[in-house]
Structure formats: C-alpha cells, structure tokens
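A.B. asks: If it helps, the file is called protein_30.txt and holds compact mmCIF, C-alpha atoms and all ligand atoms:
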```
# COMPACT_ATOMS: atom_id res chain seq x y z
CA MET W 103 86.74 85.28 78.07
CA THR W 104 88.72 88.50 78.00
CA LEU W 105 92.11 88.78 79.71
CA SER W 106 90.50 91.08 82.21
CA GLU W 107 87.94 88.36 83.08
CA LYS W 108 90.52 85.57 83.25
CA ASP W 109 92.66 87.73 85.54
CA GLN W 110 89.99 87.68 88.21
CA ILE W 111 90.09 83.90 88.63
CA HIS W 112 93.54 83.56 90.19
CA ILE W 113 95.23 86.92 90.51
CA TRP W 114 95.42 89.09 93.63
CA HIS W 115 96.42 92.71 92.84
CA PRO W 116 98.40 95.21 94.94
CA TYR W 117 96.57 97.94 96.89
CA THR W 118 93.24 96.55 95.65
CA GLN W 119 89.97 95.82 97.44
CA HIS W 120 88.73 93.28 94.91
CA LYS W 121 85.15 93.39 96.12
CA THR W 122 84.64 97.06 95.25
CA SER W 123 87.22 97.63 92.49
CA LYS W 124 86.54 97.39 88.80
CA PRO W 125 88.29 94.52 86.98
CA SER W 126 91.92 95.26 86.08
CA ILE W 127 92.51 96.70 82.63
CA ALA W 128 94.59 94.28 80.54
CA ILE W 129 97.40 96.12 78.79
CA VAL W 130 98.80 94.34 75.73
CA ARG W 131 101.29 96.82 74.31
CA GLY W 132 103.28 99.93 75.19
CA GLU W 133 105.28 102.45 73.21
CA GLY W 134 106.69 105.77 74.40
CA ALA W 135 104.24 107.31 76.86
CA LEU W 136 101.33 105.25 75.49
CA LEU W 137 99.73 101.96 76.52
CA TRP W 138 97.01 99.98 74.74
CA ASP W 139 94.54 97.59 76.33
CA GLU W 140 93.05 94.40 74.88
CA ASN W 141 90.25 96.42 73.23
CA ASN W 142 92.86 98.67 71.62
CA THR W 143 91.90 101.60 73.86
CA GLU W 144 94.82 104.00 74.19
CA TYR W 145 96.06 105.47 77.48
CA ILE W 146 98.67 108.10 78.26
CA ASP W 147 100.83 106.77 81.10
CA ALA W 148 101.05 110.09 82.98
CA ILE W 149 102.66 108.55 86.08
CA ALA W 150 105.34 106.53 84.26
CA SER W 151 103.85 103.28 85.60
CA TRP W 152 104.43 104.14 89.26
CA TRP W 153 107.46 106.34 88.54
CA VAL W 154 109.65 103.64 87.01
CA ASN W 155 109.62 104.46 83.31
CA PRO W 156 111.28 107.74 82.22
CA TYR W 157 112.44 106.63 78.76
CA GLY W 158 109.21 105.20 77.38
CA HIS W 159 107.64 101.78 77.16
CA SER W 160 109.30 99.01 75.11
CA ASN W 161 112.42 101.13 74.68
CA GLN W 162 114.52 99.57 71.93
CA PHE W 163 117.91 100.71 73.25
CA ILE W 164 117.33 99.18 76.69
CA ALA W 165 115.74 96.08 75.15
CA ASP W 166 118.82 95.52 72.96
CA ALA W 167 121.14 95.84 75.97
CA ILE W 168 118.99 93.34 77.87
CA TYR W 169 118.94 90.88 74.97
CA LYS W 170 122.70 91.08 74.55
CA GLN W 171 123.23 90.42 78.26
CA LEU W 172 120.62 87.65 78.38
CA THR W 173 122.41 85.78 75.61
CA THR W 174 125.89 86.34 77.14
CA LEU W 175 125.36 85.78 80.87
CA GLU W 176 121.77 85.99 82.12
CA HIS W 177 122.53 85.41 85.80
CA VAL W 178 125.15 84.16 88.18
CA LEU W 179 125.09 84.01 91.98
CA PHE W 180 126.71 87.06 93.60
CA GLY W 181 128.07 85.34 96.70
CA GLY W 182 131.69 84.50 95.87
CA PHE W 183 131.24 85.60 92.24
CA THR W 184 131.11 88.89 90.38
CA HIS W 185 130.64 90.06 86.80
CA GLU W 186 131.42 92.99 84.52
CA PRO W 187 127.89 94.52 84.31
CA ALA W 188 127.84 94.95 88.12
CA ILE W 189 131.34 96.46 88.13
CA LEU W 190 130.55 98.83 85.24
CA LEU W 191 127.31 99.88 86.91
CA ALA W 192 129.12 100.54 90.21
CA GLU W 193 131.72 102.65 88.40
CA LYS W 194 129.04 104.54 86.50
CA LEU W 195 127.06 105.27 89.67
CA MET W 196 130.19 106.50 91.45
CA GLU W 197 130.51 109.16 88.73
CA ILE W 198 127.03 110.54 89.37
CA LEU W 199 126.37 109.90 93.08
CA PRO W 200 127.43 112.37 95.79
CA LYS W 201 131.19 111.93 96.25
CA ASN W 202 130.89 110.56 99.78
CA GLN W 203 129.09 107.41 98.52
CA GLN W 204 131.71 104.70 98.02
CA LYS W 205 130.18 101.25 98.47
CA LEU W 206 127.01 99.76 97.07
CA PHE W 207 124.82 96.81 97.88
CA PHE W 208 122.38 95.31 95.38
CA SER W 209 118.85 94.10 95.99
CA ASP W 210 115.56 93.82 94.11
CA ASN W 211 113.17 96.67 94.89
CA GLY W 212 112.69 99.89 96.79
CA SER W 213 111.55 98.19 99.98
CA THR W 214 114.58 95.92 100.11
CA ALA W 215 116.89 98.89 99.42
CA VAL W 216 115.37 100.49 102.52
CA GLU W 217 115.57 97.27 104.58
CA VAL W 218 119.28 97.04 103.78
CA ALA W 219 119.90 100.66 104.82
CA ILE W 220 118.03 100.22 108.11
CA LYS W 221 119.74 96.91 108.89
CA VAL W 222 123.16 98.40 108.12
CA ALA W 223 122.46 101.37 110.41
CA LEU W 224 121.35 99.10 113.26
CA GLN W 225 124.16 96.57 112.82
CA TYR W 226 126.77 99.33 112.55
CA PHE W 227 126.12 100.21 116.19
CA PHE W 228 125.84 96.56 117.19
CA ASN W 229 129.25 95.91 115.62
CA LYS W 230 130.68 98.84 117.59
CA GLY W 231 129.17 97.56 120.83
CA GLU W 232 126.74 100.49 121.12
CA LYS W 233 123.03 100.21 121.65
CA LYS W 234 121.17 102.37 119.16
CA THR W 235 117.92 100.84 118.03
CA THR W 236 115.54 103.66 117.09
CA ILE W 237 114.93 105.04 113.61
CA ILE W 238 113.64 108.57 112.95
CA ALA W 239 111.26 109.13 110.04
CA PHE W 240 108.93 111.81 108.71
CA GLU W 241 105.20 111.91 109.21
CA ASN W 242 103.40 110.53 106.16
CA ALA W 243 106.61 109.00 104.85
CA PHE W 244 106.52 106.06 102.47
CA HIS W 245 109.47 103.69 102.33
CA GLY W 246 107.91 100.44 101.14
CA ASP W 247 105.81 97.53 102.31
CA THR W 248 108.23 95.03 103.90
CA PHE W 249 108.41 95.16 107.70
CA GLY W 250 111.36 97.48 108.24
CA ALA W 251 110.24 99.77 105.44
CA MET W 252 106.67 99.67 106.76
CA ALA W 253 107.87 100.62 110.22
CA ALA W 254 109.54 103.71 108.75
CA SER W 255 106.46 104.54 106.68
CA GLY W 256 104.01 106.95 108.26
CA ILE W 257 100.92 106.62 106.09
CA SER W 258 98.80 104.77 108.66
CA PHE W 259 96.35 103.64 105.97
CA PHE W 260 98.95 101.12 104.74
CA THR W 261 100.21 99.86 108.07
CA GLU W 262 97.26 99.91 110.47
CA ALA W 263 96.96 96.12 110.73
CA PHE W 264 100.56 95.79 111.90
CA GLN W 265 100.87 98.44 114.59
CA GLY W 266 102.79 97.20 117.59
CA MET W 267 104.84 94.75 115.53
CA PHE W 268 107.53 97.13 114.34
CA ILE W 269 111.06 98.21 115.19
CA ASP W 270 111.12 101.47 117.18
CA VAL W 271 110.45 104.53 115.07
CA VAL W 272 109.94 108.12 116.19
CA ARG W 273 108.26 110.47 113.79
CA ILE W 274 108.93 114.14 113.12
CA PRO W 275 106.98 116.70 111.07
CA VAL W 276 108.04 117.43 107.50
CA PRO W 277 109.69 120.89 107.23
CA THR W 278 107.11 122.26 104.80
CA LYS W 279 106.79 126.04 104.60
CA GLY W 280 106.01 127.49 108.02
CA GLN W 281 106.72 124.21 109.79
CA GLU W 282 110.51 124.24 109.58
CA GLN W 283 111.33 125.13 113.17
CA GLU W 284 108.86 122.57 114.50
CA SER W 285 110.60 119.92 112.41
CA PHE W 286 114.11 120.90 113.60
CA ASP W 287 113.00 120.96 117.23
CA ALA W 288 111.27 117.60 116.93
CA LEU W 289 114.42 116.08 115.46
CA ARG W 290 116.58 117.45 118.30
CA ASN W 291 114.12 116.15 120.90
CA SER W 292 113.83 112.75 119.25
CA ILE W 293 117.60 112.37 119.28
CA LYS W 294 117.82 113.53 122.90
CA ASN W 295 115.12 111.16 124.16
CA ASN W 296 115.92 108.00 122.19
CA ASN W 297 118.90 105.91 121.14
CA CYS W 298 118.62 106.89 117.50
CA ALA W 299 120.63 105.02 114.88
CA ALA W 300 119.40 106.77 111.76
CA PHE W 301 117.06 109.28 110.21
CA ILE W 302 115.41 108.10 106.97
CA PHE W 303 113.67 110.51 104.62
CA GLU W 304 112.44 111.00 101.09
CA PRO W 305 114.57 113.99 100.01
CA LEU W 306 112.60 117.11 98.94
CA VAL W 307 109.49 115.22 97.74
CA GLN W 308 107.32 112.72 99.62
CA GLY W 309 105.92 110.75 96.71
CA ALA W 310 103.23 108.49 98.10
CA ALA W 311 102.04 111.23 100.49
CA GLY W 312 100.95 113.14 97.37
CA MET W 313 104.16 114.85 96.24
CA VAL W 314 104.57 116.86 99.44
CA MET W 315 107.58 119.15 98.93
CA PHE W 316 110.03 120.97 101.20
CA ALA W 317 113.08 123.14 100.69
CA PRO W 318 116.69 121.89 100.38
CA ASP W 319 117.97 124.27 103.08
CA SER W 320 115.57 122.73 105.61
CA LEU W 321 116.81 119.25 104.78
CA ASP W 322 120.41 120.48 105.02
CA LYS W 323 119.60 121.71 108.52
CA LEU W 324 118.07 118.34 109.52
CA ILE W 325 121.10 116.49 108.17
CA GLN W 326 123.41 118.84 110.11
CA ILE W 327 121.53 118.10 113.34
CA CYS W 328 121.98 114.38 112.69
CA GLN W 329 125.68 114.81 111.93
CA GLU W 330 126.23 116.77 115.15
CA ASN W 331 124.62 113.89 117.06
CA LYS W 332 126.19 110.95 115.17
CA VAL W 333 122.87 109.78 113.76
CA PHE W 334 123.09 108.32 110.26
CA THR W 335 121.09 109.93 107.48
CA ILE W 336 119.42 107.74 104.85
CA ALA W 337 118.13 109.41 101.69
CA ASP W 338 115.43 107.24 100.15
CA GLU W 339 115.74 108.34 96.51
CA VAL W 340 113.68 105.42 95.22
CA MET W 341 111.13 107.85 93.73
CA THR W 342 113.20 111.03 93.37
CA GLY W 343 116.28 109.47 91.74
CA PHE W 344 117.39 109.67 88.12
CA GLY W 345 116.15 113.08 87.05
CA LYS W 346 112.64 113.38 88.46
CA THR W 347 113.44 116.51 90.48
CA GLY W 348 115.33 118.15 87.59
CA LYS W 349 118.72 117.01 88.90
CA THR W 350 120.07 113.47 88.80
CA PHE W 351 119.32 113.03 92.51
CA ALA W 352 117.26 115.19 94.87
CA CYS W 353 120.39 115.16 97.09
CA ASP W 354 122.17 117.15 94.38
CA TYR W 355 120.19 120.16 95.66
CA LEU W 356 121.78 119.76 99.10
CA ILE W 357 124.98 121.12 100.59
CA GLU W 358 125.13 118.33 103.21
CA LYS W 359 125.22 114.77 101.88
CA PRO W 360 123.47 111.73 103.35
CA ASP W 361 125.40 108.74 104.73
CA MET W 362 123.35 106.21 102.75
CA MET W 363 121.11 106.33 99.69
CA CYS W 364 118.39 104.00 98.39
CA LEU W 365 117.83 103.66 94.65
CA SER W 366 115.35 101.67 92.59
CA LYS W 367 112.27 102.46 90.42
CA ALA W 368 113.77 104.33 87.41
CA LEU W 369 117.19 102.66 87.88
CA THR W 370 116.50 100.16 85.08
CA GLY W 371 114.15 102.40 83.09
CA GLY W 372 111.16 100.40 84.23
CA THR W 373 112.33 97.10 82.75
CA ILE W 374 113.85 94.76 85.34
CA PRO W 375 113.35 94.92 89.12
CA MET W 376 116.57 96.06 90.77
CA ALA W 377 117.63 98.24 93.68
CA ILE W 378 120.86 99.53 95.17
CA THR W 379 121.70 100.89 98.60
CA THR W 380 124.84 103.03 98.69
CA PHE W 381 127.11 103.86 101.64
CA LYS W 382 129.98 105.96 102.85
CA GLN W 383 133.26 104.09 103.15
CA ASP W 384 133.42 104.28 106.97
CA ILE W 385 130.09 102.47 107.24
CA PHE W 386 131.51 99.57 105.24
CA GLU W 387 134.55 99.58 107.50
CA ALA W 388 132.46 98.86 110.59
CA PHE W 389 131.61 95.51 108.97
CA TYR W 390 135.18 94.79 107.76
CA ASN W 391 136.65 92.58 110.45
CA GLU W 392 138.33 89.27 111.27
CA ASP W 393 135.07 88.33 112.95
CA THR W 394 132.73 86.66 110.41
CA ASN W 395 129.79 87.63 112.54
CA LYS W 396 130.42 91.32 111.87
CA ALA W 397 129.67 90.88 108.15
CA LEU W 398 126.38 91.96 106.66
CA PHE W 399 124.45 88.70 106.51
CA HIS W 400 121.86 89.94 104.09
CA GLY W 401 121.26 88.93 100.50
CA HIS W 402 118.67 88.10 97.89
CA THR W 403 118.85 85.28 95.37
CA PHE W 404 118.83 87.63 92.38
CA THR W 405 121.31 90.12 93.87
CA ALA W 406 123.05 92.13 91.12
CA ASN W 407 121.37 90.18 88.34
CA PRO W 408 123.57 90.87 85.27
CA THR W 409 120.56 91.50 83.01
CA GLY W 410 119.26 94.09 85.46
CA CYS W 411 122.73 95.70 85.59
CA ALA W 412 122.82 95.87 81.78
CA ALA W 413 119.36 97.48 81.77
CA ALA W 414 120.53 100.02 84.38
CA LEU W 415 123.67 100.86 82.38
CA ALA W 416 121.60 101.43 79.23
CA SER W 417 119.10 103.53 81.20
CA LEU W 418 121.83 105.71 82.70
CA SER W 419 123.34 106.37 79.30
CA LEU W 420 119.89 107.49 78.08
CA LEU W 421 119.49 109.76 81.10
CA GLN W 422 122.82 111.40 80.35
CA THR W 423 122.00 112.30 76.73
CA GLN W 424 121.40 115.96 75.99
CA GLU W 425 118.05 114.99 74.48
CA MET W 426 116.82 113.48 77.76
CA GLN W 427 118.08 116.42 79.82
CA ASP W 428 116.25 118.74 77.39
CA ASN W 429 113.10 116.65 77.83
CA ILE W 430 113.26 117.08 81.61
CA ALA W 431 113.68 120.86 81.22
CA ARG W 432 110.86 120.99 78.65
CA ILE W 433 108.41 119.17 80.97
CA ASN W 434 109.38 121.40 83.88
CA LYS W 435 108.73 124.54 81.80
CA SER W 436 105.42 123.13 80.64
CA HIS W 437 104.39 122.26 84.24
CA LEU W 438 105.22 125.80 85.38
CA ALA W 439 103.04 127.25 82.62
CA PHE W 440 100.17 124.95 83.59
CA GLN W 441 100.66 125.83 87.24
CA ASN W 442 100.45 129.50 86.37
CA HIS W 443 97.25 128.86 84.45
CA ILE W 444 95.50 126.63 87.02
CA GLU W 445 96.56 127.97 90.45
CA SER W 446 93.84 130.62 90.59
CA HIS W 447 91.08 128.13 89.70
CA PRO W 448 88.44 128.27 92.46
CA LYS W 449 88.63 124.51 93.06
CA VAL W 450 92.42 124.50 93.44
CA ALA W 451 93.81 124.87 96.96
CA THR W 452 97.55 124.62 96.25
CA THR W 453 99.91 123.61 93.44
CA ARG W 454 103.58 122.65 93.39
CA VAL W 455 106.21 121.78 90.81
CA LEU W 456 109.70 120.31 91.00
CA GLY W 457 111.45 118.88 87.93
CA VAL W 458 108.95 116.69 86.07
CA ILE W 459 106.65 116.48 89.11
CA PHE W 460 103.45 118.51 89.18
CA ALA W 461 100.91 118.31 92.02
CA LEU W 462 97.62 120.03 92.65
CA LYS W 463 95.52 119.90 95.80
CA ILE W 464 91.78 120.21 95.31
CA GLN W 465 89.84 122.45 97.67
CA THR W 466 87.59 120.12 99.69
CA GLU W 467 85.52 120.65 102.80
CA SER W 468 86.37 117.37 104.54
CA THR W 469 89.74 115.66 104.63
CA GLU W 470 89.85 113.01 101.93
CA SER W 471 91.07 109.53 102.71
CA TYR W 472 93.88 108.02 100.65
CA TYR W 473 91.62 105.75 98.61
CA GLY W 474 88.39 107.68 99.31
CA SER W 475 85.37 108.32 97.09
CA LEU W 476 86.71 111.56 95.59
CA ARG W 477 89.92 109.82 94.68
CA ASN W 478 88.01 106.96 93.03
CA LYS W 479 85.78 109.35 91.11
CA LEU W 480 88.81 111.21 89.78
CA TYR W 481 90.68 108.01 88.97
CA ASN W 482 87.73 106.68 86.95
CA PHE W 483 87.28 110.01 85.18
CA PHE W 484 90.92 109.96 84.09
CA ILE W 485 90.69 106.37 82.85
CA GLU W 486 87.52 107.17 80.88
CA ASN W 487 89.47 109.99 79.26
CA GLY W 488 92.43 107.78 78.38
CA ILE W 489 94.82 109.09 81.03
CA ILE W 490 96.50 107.02 83.74
CA LEU W 491 96.74 109.14 86.88
CA ARG W 492 96.38 107.90 90.45
CA PRO W 493 95.23 110.73 92.69
CA VAL W 494 96.09 110.51 96.38
CA GLY W 495 93.06 111.63 98.40
CA ASN W 496 92.38 115.12 97.03
CA ILE W 497 95.80 115.49 95.41
CA ILE W 498 96.24 115.01 91.67
CA TYR W 499 99.81 114.64 90.55
CA ILE W 500 101.50 114.18 87.18
CA LEU W 501 104.88 112.46 86.83
CA PRO W 502 105.20 111.62 83.14
CA PRO W 503 107.88 109.70 81.27
CA TYR W 504 110.51 112.18 80.07
CA ILE W 505 109.77 111.30 76.44
CA ILE W 506 106.10 112.32 76.65
CA THR W 507 105.28 114.61 73.69
CA ASP W 508 104.05 118.17 74.18
CA LYS W 509 100.74 117.17 72.62
CA GLN W 510 100.28 114.27 75.04
CA LEU W 511 101.21 116.47 77.98
CA GLN W 512 98.72 119.15 76.92
CA LYS W 513 96.02 116.48 76.77
CA VAL W 514 96.87 115.42 80.35
CA TYR W 515 96.56 119.05 81.53
CA GLU W 516 93.23 119.46 79.70
CA VAL W 517 91.77 116.37 81.33
CA VAL W 518 93.05 117.44 84.77
CA GLU W 519 91.37 120.81 84.29
CA LYS W 520 88.14 119.12 83.16
CA ALA W 521 88.29 116.86 86.21
CA LEU W 522 88.03 119.92 88.45
CA GLU W 523 84.51 120.40 87.08
CA ILE W 524 83.31 117.03 88.38
CA VAL W 525 84.41 117.54 91.99
C1 LIG Q 601 108.03 103.04 95.83
C2 LIG Q 601 108.88 103.45 96.95
C3 LIG Q 601 109.48 102.50 97.80
C4 LIG Q 601 109.20 101.04 97.69
O1 LIG Q 601 109.64 100.50 96.50
P1 LIG Q 601 109.09 99.08 96.01
O2 LIG Q 601 109.89 98.79 94.80
O3 LIG Q 601 107.63 99.31 95.71
O4 LIG Q 601 109.29 98.12 97.10
C5 LIG Q 601 110.33 102.96 98.79
N1 LIG Q 601 110.57 104.26 98.94
C6 LIG Q 601 110.01 105.21 98.15
C7 LIG Q 601 110.34 106.64 98.37
C8 LIG Q 601 109.14 104.83 97.13
O5 LIG Q 601 108.57 105.76 96.37
```
For this file, produce the structure as structure tokens.

C.D. replies:
Amino acid sequence: MTLSEKDQIHIWHPYTQHKTSKPSIAIVRGEGALLWDENNTEYIDAIASWWVNPYGHSNQFIADAIYKQLTTLEHVLFGGFTHEPAILLAEKLMEILPKNQQKLFFSDNGSTAVEVAIKVALQYFFNKGEKKTTIIAFENAFHGDTFGAMAASGISFFTEAFQGMFIDVVRIPVPTKGQEQESFDALRNSIKNNNCAAFIFEPLVQGAAGMVMFAPDSLDKLIQICQENKVFTIADEVMTGFGKTGKTFACDYLIEKPDMMCLSKALTGGTIPMAITTFKQDIFEAFYNEDTNKALFHGHTFTANPTGCAAALASLSLLQTQEMQDNIARINKSHLAFQNHIESHPKVATTRVLGVIFALKIQTESTESYYGSLRNKLYNFFIENGIILRPVGNIIYILPPYIITDKQLQKVYEVVEKALEIV
C-alpha cells in the first residue's frame, strides 16, 4: 500500500470532502521551494504551505536552532515559570513591532491568537464595569476556525453550520477602491448602534477571501474612527506578518497603529506551531489588579514552548538579513512584470500585487463558489503541472517562499498563464 492509500484508512483532512476529493498526495521530502511526493514527483510550493514558510523547507539554520533548544530545554510550563527563549523573542519582537505594542501573550496558532485578542477586548470592558459585547469585522474576513475566530470570519461557506451560535458581530464592507466611503459610514453606524468592544481586520490584504486588497489610508481612517469612539482595533497579521506585504508588518504602512496584533503562520518559518497576540500597555493595565478575577484566565498547555521560541528567533534573524530583504524585493519586481504582461489577457478580469503576493481574478460569467468546479479544475491542472496553488473560487494567487528561485517563479507564471487556456 502507498502512503496515500494508508492515509485514507484513519485520517480526516482539513477543508476536505473526502467523498469527492482525490486521495491526499504524500510528501516525503522538502528543500527550498520544492517538495517531493512518494513517487518522487516534484512540486513547487507556490503558496509557502499555506503562507507559513518564507525561508524554504527543511531550513538548516532553523533546524539547528531547534535541535539546540530541544537538547537544552525542550519545554517547561509557562504558568509560574519563564525561560530565556521567550524573553529574547519578546525583546526581539519589541524592536520590530509598532512602538505602541508593549505586552505579548503566547498561544499555538492563528485562531487562538485571535481568540485571545477578542477575549481581552471583551474582558477589558468587563473589568472596567462597562458593557461592550459586540465585535466589528469586515465582510469576507477570515480569522480562523475556533468559535470566536469563526464568529469574526465572514466567509459564510466556512461557518454556515454554526450560524446563531456566535458572539455578536456586525460586519462592514471592505474599503476597496470606490467603496471607501461606504465602509467608513458603515463603521460609524455600527459603533453608534451597538456596544462595540473592538474592530478586527486583516490589514491591507484579506488572505482567505482571495487576496482582496485595500489602501493604507482607508485603514488609517477606519482606525481613527475607532479611536474617536474608544473601540479597540485588532490587526490580524497572521497572514500578512513577517514580510509578505514588502514590509515587516502590513501595519508598517499605516500612520495610525492598532491596539492589538495577532501573529502566527510565518512566525516560526513554518516549523513549529506558535502564535502571539500583542497589546498596548494600557490594555494590560486593565487586568493588573488586586482582584484575582480580573486576570486573564486564558492559557494553552504549550504556551511559549521554548523550542517554538527558538525557531521564531532563528526565523526572525533570517528575515532581517539583507539577502532575505533582497529576495522579497526581487519577487515583488517579478510579480509586477508578470502583472504587466498578463493584465490585458482576455480571460483576466483584475490583477493585484503587494509585496510577495500576486492575485489574478479570472473573468467568469457566474460567481464562482469558494471550492467550486472551476476552482477544482484549476487546482488539479496546477498539481498535474507540478505547482502547488490553491485558487479561491475564480481567483488564482501566488504567495511563494522568499527563497524561490527566478527560474521556479517563471515556471509558476507560465503554468498560471497556461491555466487561463483551460477555463
Ligand atoms: C490562517 C489565518 C488564521 C488562522 O490561523 P490558524 O493557524 O489556521 O488557526 C487567522 N487569521 C488569518 C488572517 C489567517 O490567514
């Protein structure tokens, strides 16, 4: 039996309808931007394995840091104890985060980073004796699959079965070009008509919605409206963080800064699950009290796992090398050239580029569902051509590891262009 066949006996995969999906491809090895399956077929990982892996698969530098930490102190509980890797990582993040971020809370994944931010926003007002229980979020947002994160997420495809079981969320339009005023007005009205605790958003790029982009000045305006009305702002940088937009954080494009930030995905270079939620000092202070009950009673068993912290520290030092910054600039330049080449193609409706993110919307007559037939056809075409891309409805996006070679990137573009012929 192949690994792919054995897999089907006991394993349940994410976002998968097992009855209609092909068996999962068993990957046995990875190096740089490449992956190999059990038949030695080669694939270019053009989405950095769901946006987690900027520095390449099986990265030796991160692996060495992990090994060293594993054989020094692999894990220790974080309640009542601390350790140097967590402290060093906190110090390192303080150097690169917006200056207003002063406290950080560890968890395991993007969804938990969001849960922590939402719970902190809600409990902040509880601790102050105020009743603010509504969260504001964008249409088509994605913030994760746990209940709080799901509530904030707006892609109904993912959350349909759970409607009516969520915390209160009001949704506003994304300030894409031409829709800015509508978005600002909706935010003002939402705040006026509800007891809003916080506004959560993916800054500048909505990843899971298909790399939907909007301008920094619009987000600045939305943040200002929140500040005027004492509504917390939560920047979910789980996808956008660590260089994807061309700057370390998407928030680095902003004049206004969010009150809280959520980090995960590329934090550990795609090696060990870890997430961090960061806060302004005055948020922490609303929990700092003689009253035990005002503390944040939230935690996860593997909070601040030292091995994860060591992986994050190694990843951050890679991100900060000139070589990696040059790679990000190189991919951006390459994307812009491809955009210039492809945007007038008759099957292309729109294109957009930010940092290492490229997205292209295919001209279709009907609206395509998230995991619809066009999407599946494209996905299979890419796999047959040795490229891992996961289109969203009729949107094809590329988000490669920063170390992808020019030759590999050109091959991805060629296959994307060929794919337009089959639609
Ligand atoms: C992926 C993602 C999440 C959820 O992260 P998980 O690690 O999958 O739980 C949350 N927010 C954004 C913006 C994401 O892209």

A.B. asks: Ranking W:His245, W:Leu476, W:Gln308, W:Asn229 by minimum distance to Asn391 of chain W and counting all atoms listed in the file, which one comes first?

C.D. replies: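 Looking at the shortest contact to Asn391 of chain W, the residue is W:Asn229.
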
A.B. asks: Which of these residues is nearest to Lys230 of chain W, using only C-alpha atoms: W:Asp428, W:Asp508, W:Glu387, W:Glu516?

C.D. replies: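 Using only C-alpha atoms, Lys230 of chain W sits closest to W:Glu387.
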
A.B. asks: Let me have the centre and edge lengths in Å, one decimal, of the box along x, y and z around every listed atom of ligand LIG 601 (chain Q) with 4 Å of margin on each side, as lines of an AutoDock Vina configuration file.

C.D. replies:
```
center_x = 109.1
center_y = 102.4
center_z = 96.9
size_x = 10.9
size_y = 16.5
size_z = 12.1
```

A.B. asks: Using all atoms listed in the file, which protein or nucleic acid residues come within 9 Å of segment 350-361 of chain W? Drop anything in the same chain fewer than 5 positions from it, and give the result as a PyMOL selection string.

C.D. replies: chain W and resi 198-203+304-307+318-319+321-323+325-326+334-337+339+342-345+380-382+385+421

A.B. asks: Please identify every polymer residue within 6 Å of ligand LIG 601 (chain Q), using all atoms listed in the file, and present the set as JSON, numbers by chain.

C.D. replies: {"W": [211, 212, 213, 244, 245, 246, 304, 309, 338, 339, 340, 341]}

A.B. asks: So, with all atoms listed in the file as the atoms that count, which of W:Asn155, W:Gln225, W:Ser446, W:Asn142 lies closest to Ile505 of chain W?

C.D. replies: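 For Ile505 of chain W, the nearest of the given residues is W:Asn155.
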
A.B. asks: For a quick check of understanding, using all atoms listed in the file, which of W:Ile378, W:Ile113, W:Val154, W:Met267 has the smallest distance to Pro503 of chain W?

C.D. replies: W:Val154

A.B. asks: Smallest atom-to-atom distance to Thr409 of chain W: which of W:Ala377, W:Val455, W:Leu369, W:Leu175, using all atoms listed in the file?

C.D. replies: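 When distances to Thr409 of chain W are compared using all atoms listed in the file, the smallest one comes from W:Leu175.
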